[in-house]
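File shown: final.cif (mmCIF, N, CA and C atoms).
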data_structure
loop_
_atom_site.label_atom_id
_atom_site.label_comp_id
_atom_site.auth_asym_id
_atom_site.auth_seq_id
_atom_site.Cartn_x
_atom_site.Cartn_y
_atom_site.Cartn_z
N MET A 1 -13.19 5.59 1.23
CA MET A 1 -12.19 4.56 1.37
C MET A 1 -11.01 5.09 2.19
N CYS A 2 -10.53 4.28 3.06
CA CYS A 2 -9.44 4.71 3.93
C CYS A 2 -8.14 4.93 3.16
N ILE A 3 -7.91 4.18 2.09
CA ILE A 3 -6.66 4.34 1.33
C ILE A 3 -6.68 5.67 0.57
N TYR A 4 -7.83 6.01 -0.02
CA TYR A 4 -7.95 7.32 -0.67
C TYR A 4 -7.73 8.44 0.35
N ARG A 5 -8.31 8.27 1.52
CA ARG A 5 -8.18 9.29 2.57
C ARG A 5 -6.71 9.45 3.00
N LEU A 6 -6.00 8.34 3.13
CA LEU A 6 -4.59 8.41 3.49
C LEU A 6 -3.80 9.15 2.41
N ALA A 7 -4.08 8.85 1.15
CA ALA A 7 -3.40 9.55 0.05
C ALA A 7 -3.67 11.05 0.13
N GLN A 8 -4.91 11.42 0.43
CA GLN A 8 -5.26 12.83 0.52
C GLN A 8 -4.57 13.49 1.72
N LEU A 9 -4.51 12.80 2.84
CA LEU A 9 -3.83 13.36 4.01
C LEU A 9 -2.34 13.56 3.76
N ILE A 10 -1.71 12.61 3.09
CA ILE A 10 -0.29 12.77 2.76
C ILE A 10 -0.11 13.95 1.82
N GLU A 11 -0.99 14.04 0.82
CA GLU A 11 -0.89 15.15 -0.12
C GLU A 11 -1.14 16.50 0.55
N ASP A 12 -2.07 16.54 1.49
CA ASP A 12 -2.34 17.78 2.22
C ASP A 12 -1.15 18.23 3.06
N ASN A 13 -0.37 17.27 3.54
CA ASN A 13 0.79 17.56 4.39
C ASN A 13 2.09 17.18 3.70
N ILE A 14 2.12 17.32 2.39
CA ILE A 14 3.25 16.78 1.62
C ILE A 14 4.58 17.42 1.98
N ASP A 15 4.59 18.71 2.27
CA ASP A 15 5.86 19.35 2.61
C ASP A 15 6.46 18.77 3.89
N GLU A 16 5.62 18.53 4.88
CA GLU A 16 6.09 17.94 6.13
C GLU A 16 6.59 16.51 5.92
N VAL A 17 5.84 15.72 5.15
CA VAL A 17 6.24 14.33 4.91
C VAL A 17 7.53 14.27 4.11
N ILE A 18 7.67 15.14 3.12
CA ILE A 18 8.91 15.20 2.34
C ILE A 18 10.09 15.58 3.24
N ALA A 19 9.91 16.55 4.10
CA ALA A 19 10.98 16.97 5.01
C ALA A 19 11.37 15.82 5.94
N LEU A 20 10.39 15.09 6.45
CA LEU A 20 10.69 13.95 7.33
C LEU A 20 11.44 12.86 6.58
N GLU A 21 11.00 12.57 5.37
CA GLU A 21 11.65 11.53 4.57
C GLU A 21 13.10 11.92 4.26
N SER A 22 13.31 13.19 3.95
CA SER A 22 14.65 13.68 3.66
C SER A 22 15.53 13.65 4.92
N LEU A 23 15.00 14.11 6.02
CA LEU A 23 15.73 14.11 7.29
C LEU A 23 16.05 12.69 7.75
N ASP A 24 15.08 11.83 7.63
CA ASP A 24 15.20 10.45 8.09
C ASP A 24 16.28 9.69 7.32
N ASN A 25 16.32 9.92 6.02
CA ASN A 25 17.13 9.10 5.13
C ASN A 25 18.37 9.80 4.62
N GLY A 26 18.42 11.11 4.76
CA GLY A 26 19.54 11.85 4.21
C GLY A 26 19.43 12.07 2.72
N LYS A 27 18.24 11.89 2.18
CA LYS A 27 18.03 12.10 0.74
C LYS A 27 17.90 13.58 0.44
N PRO A 28 18.27 13.97 -0.78
CA PRO A 28 17.97 15.34 -1.19
C PRO A 28 16.45 15.53 -1.28
N ILE A 29 16.01 16.75 -1.10
CA ILE A 29 14.57 17.06 -1.15
C ILE A 29 13.95 16.60 -2.47
N SER A 30 14.68 16.75 -3.57
CA SER A 30 14.14 16.36 -4.88
C SER A 30 13.84 14.86 -4.94
N MET A 31 14.72 14.04 -4.37
CA MET A 31 14.47 12.59 -4.35
C MET A 31 13.33 12.24 -3.41
N ALA A 32 13.28 12.89 -2.26
CA ALA A 32 12.19 12.64 -1.32
C ALA A 32 10.86 13.06 -1.92
N THR A 33 10.84 14.16 -2.67
CA THR A 33 9.62 14.63 -3.33
C THR A 33 9.14 13.58 -4.33
N ALA A 34 10.05 13.03 -5.12
CA ALA A 34 9.68 11.99 -6.08
C ALA A 34 9.12 10.76 -5.37
N ASP A 35 9.75 10.37 -4.26
CA ASP A 35 9.28 9.20 -3.51
C ASP A 35 7.87 9.42 -2.96
N ILE A 36 7.64 10.56 -2.35
CA ILE A 36 6.34 10.81 -1.72
C ILE A 36 5.25 10.99 -2.77
N THR A 37 5.59 11.60 -3.89
CA THR A 37 4.61 11.70 -4.99
C THR A 37 4.23 10.32 -5.47
N GLU A 38 5.21 9.43 -5.57
CA GLU A 38 4.93 8.04 -5.96
C GLU A 38 4.07 7.33 -4.92
N VAL A 39 4.32 7.59 -3.65
CA VAL A 39 3.50 7.01 -2.59
C VAL A 39 2.03 7.40 -2.77
N VAL A 40 1.78 8.68 -2.99
CA VAL A 40 0.40 9.16 -3.16
C VAL A 40 -0.24 8.51 -4.39
N ASN A 41 0.50 8.46 -5.50
CA ASN A 41 -0.04 7.85 -6.72
C ASN A 41 -0.34 6.37 -6.53
N ASN A 42 0.56 5.65 -5.87
CA ASN A 42 0.34 4.22 -5.64
C ASN A 42 -0.84 3.97 -4.70
N LEU A 43 -0.98 4.81 -3.67
CA LEU A 43 -2.11 4.65 -2.77
C LEU A 43 -3.43 4.80 -3.54
N ARG A 44 -3.50 5.79 -4.40
CA ARG A 44 -4.73 5.98 -5.19
C ARG A 44 -4.97 4.81 -6.14
N TYR A 45 -3.91 4.27 -6.70
CA TYR A 45 -4.04 3.12 -7.60
C TYR A 45 -4.64 1.92 -6.85
N TYR A 46 -4.04 1.57 -5.71
CA TYR A 46 -4.53 0.41 -4.96
C TYR A 46 -5.90 0.65 -4.36
N ALA A 47 -6.21 1.88 -4.02
CA ALA A 47 -7.55 2.18 -3.51
C ALA A 47 -8.60 1.89 -4.58
N GLY A 48 -8.24 2.09 -5.83
CA GLY A 48 -9.16 1.79 -6.92
C GLY A 48 -9.44 0.31 -7.09
N TRP A 49 -8.55 -0.53 -6.60
CA TRP A 49 -8.75 -1.99 -6.71
C TRP A 49 -9.58 -2.56 -5.57
N ALA A 50 -9.80 -1.80 -4.53
CA ALA A 50 -10.46 -2.34 -3.34
C ALA A 50 -11.85 -2.91 -3.63
N ASP A 51 -12.60 -2.29 -4.52
CA ASP A 51 -13.95 -2.79 -4.81
C ASP A 51 -13.97 -3.74 -6.01
N LYS A 52 -12.84 -4.13 -6.51
CA LYS A 52 -12.78 -5.02 -7.68
C LYS A 52 -12.28 -6.42 -7.34
N VAL A 53 -11.99 -6.67 -6.10
CA VAL A 53 -11.53 -7.99 -5.68
C VAL A 53 -12.77 -8.86 -5.45
N SER A 54 -12.98 -9.84 -6.35
CA SER A 54 -14.15 -10.70 -6.23
C SER A 54 -13.85 -12.05 -6.86
N GLY A 55 -14.66 -13.01 -6.56
CA GLY A 55 -14.50 -14.34 -7.13
C GLY A 55 -15.23 -14.48 -8.45
N LYS A 56 -15.01 -15.59 -9.13
CA LYS A 56 -15.66 -15.86 -10.41
C LYS A 56 -16.16 -17.29 -10.42
N THR A 57 -17.22 -17.52 -11.16
CA THR A 57 -17.76 -18.86 -11.35
C THR A 57 -17.68 -19.18 -12.84
N PHE A 58 -17.26 -20.39 -13.17
CA PHE A 58 -17.19 -20.77 -14.58
C PHE A 58 -17.46 -22.26 -14.73
N ASN A 59 -17.89 -22.64 -15.91
CA ASN A 59 -18.25 -24.01 -16.25
C ASN A 59 -17.07 -24.65 -16.97
N ASP A 60 -16.89 -25.96 -16.78
CA ASP A 60 -15.80 -26.65 -17.47
C ASP A 60 -16.20 -27.14 -18.85
N GLY A 61 -17.42 -26.87 -19.27
CA GLY A 61 -17.88 -27.28 -20.59
C GLY A 61 -18.72 -28.54 -20.58
N SER A 62 -18.72 -29.30 -19.50
CA SER A 62 -19.46 -30.56 -19.46
C SER A 62 -20.89 -30.38 -18.99
N HIS A 63 -21.23 -29.23 -18.51
CA HIS A 63 -22.55 -28.91 -17.97
C HIS A 63 -22.86 -29.66 -16.68
N ASP A 64 -21.96 -30.51 -16.23
CA ASP A 64 -22.15 -31.22 -14.96
C ASP A 64 -21.39 -30.57 -13.82
N ASN A 65 -20.34 -29.86 -14.14
CA ASN A 65 -19.48 -29.29 -13.11
C ASN A 65 -19.35 -27.78 -13.31
N PHE A 66 -19.13 -27.13 -12.22
CA PHE A 66 -18.73 -25.73 -12.30
C PHE A 66 -17.66 -25.49 -11.26
N PHE A 67 -16.90 -24.48 -11.49
CA PHE A 67 -15.80 -24.14 -10.61
C PHE A 67 -15.98 -22.70 -10.16
N TYR A 68 -15.46 -22.42 -9.02
CA TYR A 68 -15.51 -21.03 -8.57
C TYR A 68 -14.24 -20.69 -7.80
N THR A 69 -13.93 -19.43 -7.86
CA THR A 69 -12.81 -18.91 -7.08
C THR A 69 -13.37 -17.97 -6.04
N ARG A 70 -12.76 -18.00 -4.89
CA ARG A 70 -13.15 -17.06 -3.83
C ARG A 70 -11.92 -16.25 -3.47
N ARG A 71 -12.05 -14.98 -3.56
CA ARG A 71 -10.96 -14.11 -3.17
C ARG A 71 -11.29 -13.58 -1.79
N GLU A 72 -10.52 -14.04 -0.83
CA GLU A 72 -10.75 -13.67 0.56
C GLU A 72 -9.48 -13.08 1.15
N PRO A 73 -9.63 -12.22 2.14
CA PRO A 73 -8.44 -11.72 2.84
C PRO A 73 -7.72 -12.87 3.56
N PHE A 74 -6.42 -12.75 3.70
CA PHE A 74 -5.65 -13.72 4.46
C PHE A 74 -5.89 -13.55 5.95
N GLY A 75 -6.14 -12.33 6.38
CA GLY A 75 -6.29 -12.02 7.79
C GLY A 75 -5.30 -10.95 8.18
N VAL A 76 -4.24 -11.35 8.86
CA VAL A 76 -3.23 -10.40 9.30
C VAL A 76 -1.98 -10.60 8.44
N VAL A 77 -1.46 -9.50 7.92
CA VAL A 77 -0.26 -9.54 7.09
C VAL A 77 0.85 -8.81 7.83
N GLY A 78 1.99 -9.45 7.99
CA GLY A 78 3.14 -8.84 8.64
C GLY A 78 4.04 -8.17 7.62
N LEU A 79 4.42 -6.94 7.88
CA LEU A 79 5.25 -6.17 6.96
C LEU A 79 6.52 -5.70 7.67
N ILE A 80 7.63 -5.79 6.97
CA ILE A 80 8.89 -5.27 7.47
C ILE A 80 9.44 -4.35 6.40
N SER A 81 9.73 -3.11 6.76
CA SER A 81 10.23 -2.14 5.79
C SER A 81 11.72 -1.89 5.98
N PRO A 82 12.45 -1.75 4.88
CA PRO A 82 13.88 -1.46 4.98
C PRO A 82 14.15 0.01 5.22
N TRP A 83 15.40 0.35 5.38
CA TRP A 83 15.79 1.72 5.70
C TRP A 83 15.85 2.62 4.48
N ASN A 84 16.06 2.08 3.28
CA ASN A 84 16.41 2.93 2.15
C ASN A 84 15.24 3.67 1.50
N PHE A 85 14.07 3.13 1.49
CA PHE A 85 12.88 3.81 0.98
C PHE A 85 11.76 3.56 1.98
N PRO A 86 11.84 4.11 3.18
CA PRO A 86 10.96 3.67 4.26
C PRO A 86 9.46 3.79 3.95
N LEU A 87 9.02 4.93 3.49
CA LEU A 87 7.58 5.10 3.26
C LEU A 87 7.14 4.43 1.97
N LEU A 88 7.93 4.53 0.93
CA LEU A 88 7.57 3.95 -0.36
C LEU A 88 7.50 2.43 -0.28
N MET A 89 8.49 1.81 0.33
CA MET A 89 8.49 0.34 0.44
C MET A 89 7.35 -0.15 1.33
N CYS A 90 7.05 0.59 2.37
CA CYS A 90 5.93 0.21 3.23
C CYS A 90 4.63 0.30 2.46
N GLU A 91 4.45 1.38 1.72
CA GLU A 91 3.22 1.58 0.96
C GLU A 91 3.05 0.49 -0.09
N TRP A 92 4.14 0.06 -0.73
CA TRP A 92 4.04 -1.02 -1.71
C TRP A 92 3.48 -2.29 -1.09
N LYS A 93 3.70 -2.46 0.20
CA LYS A 93 3.24 -3.67 0.87
C LYS A 93 1.86 -3.50 1.50
N PHE A 94 1.63 -2.38 2.19
CA PHE A 94 0.38 -2.29 2.93
C PHE A 94 -0.81 -1.89 2.07
N ALA A 95 -0.62 -1.11 1.02
CA ALA A 95 -1.77 -0.68 0.21
C ALA A 95 -2.50 -1.86 -0.44
N PRO A 96 -1.79 -2.81 -1.10
CA PRO A 96 -2.53 -3.95 -1.65
C PRO A 96 -3.14 -4.84 -0.56
N ALA A 97 -2.44 -4.96 0.57
CA ALA A 97 -2.98 -5.79 1.66
C ALA A 97 -4.27 -5.20 2.21
N ILE A 98 -4.29 -3.90 2.44
CA ILE A 98 -5.50 -3.23 2.94
C ILE A 98 -6.60 -3.27 1.89
N ALA A 99 -6.25 -3.03 0.62
CA ALA A 99 -7.25 -3.05 -0.45
C ALA A 99 -7.93 -4.41 -0.57
N ALA A 100 -7.20 -5.47 -0.26
CA ALA A 100 -7.76 -6.82 -0.32
C ALA A 100 -8.51 -7.21 0.95
N GLY A 101 -8.55 -6.31 1.94
CA GLY A 101 -9.33 -6.56 3.15
C GLY A 101 -8.55 -7.12 4.31
N ASN A 102 -7.25 -7.12 4.24
CA ASN A 102 -6.42 -7.65 5.32
C ASN A 102 -6.12 -6.59 6.37
N CYS A 103 -5.71 -7.04 7.53
CA CYS A 103 -5.14 -6.17 8.55
C CYS A 103 -3.63 -6.26 8.42
N ILE A 104 -2.93 -5.24 8.87
CA ILE A 104 -1.47 -5.29 8.79
C ILE A 104 -0.84 -5.04 10.15
N VAL A 105 0.32 -5.63 10.34
CA VAL A 105 1.21 -5.33 11.46
C VAL A 105 2.51 -4.93 10.80
N HIS A 106 2.95 -3.70 11.08
CA HIS A 106 4.12 -3.18 10.38
C HIS A 106 5.26 -2.92 11.34
N LYS A 107 6.45 -3.34 10.93
CA LYS A 107 7.67 -3.06 11.68
C LYS A 107 8.56 -2.21 10.80
N PRO A 108 8.60 -0.89 11.06
CA PRO A 108 9.48 -0.04 10.26
C PRO A 108 10.94 -0.26 10.66
N SER A 109 11.83 0.18 9.80
CA SER A 109 13.26 0.11 10.11
C SER A 109 13.54 0.95 11.35
N GLU A 110 14.38 0.44 12.21
CA GLU A 110 14.71 1.18 13.43
C GLU A 110 15.63 2.36 13.15
N VAL A 111 16.25 2.41 11.97
CA VAL A 111 17.13 3.53 11.66
C VAL A 111 16.43 4.63 10.85
N THR A 112 15.27 4.36 10.27
CA THR A 112 14.53 5.38 9.51
C THR A 112 13.02 5.30 9.80
N PRO A 113 12.60 5.54 11.03
CA PRO A 113 11.19 5.37 11.36
C PRO A 113 10.34 6.64 11.27
N LEU A 114 10.92 7.82 11.05
CA LEU A 114 10.19 9.07 11.25
C LEU A 114 8.94 9.22 10.39
N SER A 115 9.05 8.96 9.10
CA SER A 115 7.89 9.15 8.24
C SER A 115 6.78 8.17 8.60
N MET A 116 7.14 6.94 8.95
CA MET A 116 6.10 5.97 9.33
C MET A 116 5.45 6.32 10.66
N ILE A 117 6.23 6.85 11.59
CA ILE A 117 5.65 7.28 12.86
C ILE A 117 4.66 8.42 12.61
N ARG A 118 5.00 9.33 11.73
CA ARG A 118 4.11 10.46 11.42
C ARG A 118 2.86 9.99 10.72
N ILE A 119 2.97 9.05 9.81
CA ILE A 119 1.80 8.57 9.08
C ILE A 119 0.85 7.81 10.01
N CYS A 120 1.42 7.02 10.88
CA CYS A 120 0.58 6.25 11.80
C CYS A 120 -0.04 7.15 12.83
#

In C-alpha cells, what does this structure look like?
Amino acid sequence: MCIYRLAQLIEDNIDEVIALESLDNGKPISMATADITEVVNNLRYYAGWADKVSGKTFNDGSHDNFFYTRREPFGVVGLISPWNFPLLMCEWKFAPAIAAGNCIVHKPSEVTPLSMIRIC
C-alpha cells in the first residue's frame, strides 16, 4: 500500500523531516517530533482502512425490496493546508482521501512549504 510506504519513508527519514518542520515553522524540535510522529501514526491508521471501504446490501423487511450502498471515490479532491501544522494538517486530509481511492491536488501554504516539498 502506498500509504504504508509513505509512513515508512517518513519514519526512515524522520530526523530530516523533523528538522524541516522545525525550520519551516519555527517550532521547537520537541513539538516538531510530536507532530511528525503523529503523521506517521495517522498514515498507518488510514492505510488500514483502505481495504475496508465497501458497500452493503440490506433488506427493508418486506422481502420485495432491497437497498444497497456503494462507496465510491469522488475522483479528485482539492486540499489546502495552513501554515501552522503544514505536514500534519495535510496528512489529515490526504490520507483518508487516498485510502478511499481518490486522487488529490494539494496546495501547501506558501509560507511553510518545505516539509511538503520534501515529501512530494

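Selection result for the displayed file, with the PyMOL selection byres ((chain A and resi 47) around 8) as criterion, is Met1, Cys2, Ile3, Tyr4, Arg5, Asn41, Asn42, Leu43, Arg44, Tyr45, Tyr46, Gly48, Trp49, Ala50, Asp51, Lys52, Ala95, Pro96, Ile98 and Ala99 of chain A.
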
Worksheet entry | Straight-line distance linking atom CA of A:Ser81 with atom CA of A:Ser115, stated in Å to one decimal | 11.8 Å

Discussion item. Taking the DSSP secondary structure from the backbone, can you list the residues of chain A that are helix (DSSP H, G or I), as a VMD selection string?
Written reply: chain A and resid 2 to 12 14 to 25 29 to 49 86 to 99 114 to 119

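Using only N, CA and C atoms, the nearest neighbour of A:Thr112 within the list A:Asn13, A:Ser54, A:Ser62, A:Asn25 is A:Asn25.
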
Practice prompt. Could you state which residues are captured by the PyMOL selection byres (((chain A and resi 56 and name CA) around 12) and name CA) in this file, as a PyMOL selection string?
Written response: chain A and resi 52-55+57-59+66-71

Item to complete: Pull the neighbourhood of (7.2, 1.1, 4.3) for me: all residues within 8 Å in file coordinates, counting only N, CA and C atoms, as a VMD selection string.
Response: chain A and resid 79 to 82 85 to 94 107 to 109 116

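Here the residues within stretch 43-78 of chain A that DSSP labels strand (DSSP E or B) on the basis of the backbone are Thr57, Phe58, Asn59, Phe66, Phe67, Tyr68, Val76, Val77 and Gly78 of chain A.
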
Discussion item. If I take atom CA of A:Leu6 and atom CA of A:Pro73, how far is one from the other in Å, to one decimal?
Written reply: 20.5 Å

Discussion item. Using Å and a single decimal, report how far atom N of A:Glu21 sits from atom C of A:Val39.
Written reply: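 Separation of atom C of A:Val39 and atom N of A:Glu21: 13.2 Å.
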
Practice prompt. Report as a ChimeraX atom specification the full result of the PyMOL selection byres ((chain A and resi 18) around 8) when it is applied to this structure.
Written response: /A:10,13-17,19-24,28-29,31-37,115

Worksheet entry | Minimum-distance residue to A:Val105, chosen among A:His63, A:Ser30, A:Cys120, A:Glu11 (using only C-alpha atoms) |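 Selected residue with least distance to A:Val105: A:Cys120.
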
Item to complete: Can you pull out every residue within 7 Å of A:Phe74, counting all atoms listed in the file, but drop anything in the same chain fewer than 5 positions away, and send it as JSON, numbers by chain?
Response: {"A": [100, 101, 102, 103]}

Would you mind exporting the chosen residues as a PDB file, in the frame of the given file, restricted to N, CA and C atoms?
ATOM      1  N   ALA A 100      -7.200  -5.470  -0.260  1.00  0.00           N
ATOM      2  CA  ALA A 100      -7.760  -6.820  -0.320  1.00  0.00           C
ATOM      3  C   ALA A 100      -8.510  -7.210   0.950  1.00  0.00           C
ATOM      4  N   GLY A 101      -8.550  -6.310   1.940  1.00  0.00           N
ATOM      5  CA  GLY A 101      -9.330  -6.560   3.150  1.00  0.00           C
ATOM      6  C   GLY A 101      -8.550  -7.120   4.310  1.00  0.00           C
ATOM      7  N   ASN A 102      -7.250  -7.120   4.240  1.00  0.00           N
ATOM      8  CA  ASN A 102      -6.420  -7.650   5.320  1.00  0.00           C
ATOM      9  C   ASN A 102      -6.120  -6.590   6.370  1.00  0.00           C
ATOM     10  N   CYS A 103      -5.710  -7.040   7.530  1.00  0.00           N
ATOM     11  CA  CYS A 103      -5.140  -6.170   8.550  1.00  0.00           C
ATOM     12  C   CYS A 103      -3.630  -6.260   8.420  1.00  0.00           C
TER      13      CYS A 103
END

Worksheet item: Given the choices A:Val111, A:Ile119, A:Ile104, A:Leu9, which gets closest to A:Asn84 if the distance is worked out from only N, CA and C atoms?
Response: A:Val111

Taking all atoms of stretch 81-87 of chain A that the file lists and extending 6 Å past them on each side, where is the centre of the axis-aligned box and how long are its edges? Answer in Å to one decimal, as AutoDock Vina command-line options.
--center_x 11.8 --center_y 1.0 --center_z 3.9 --size_x 21.3 --size_y 20.2 --size_z 17.8
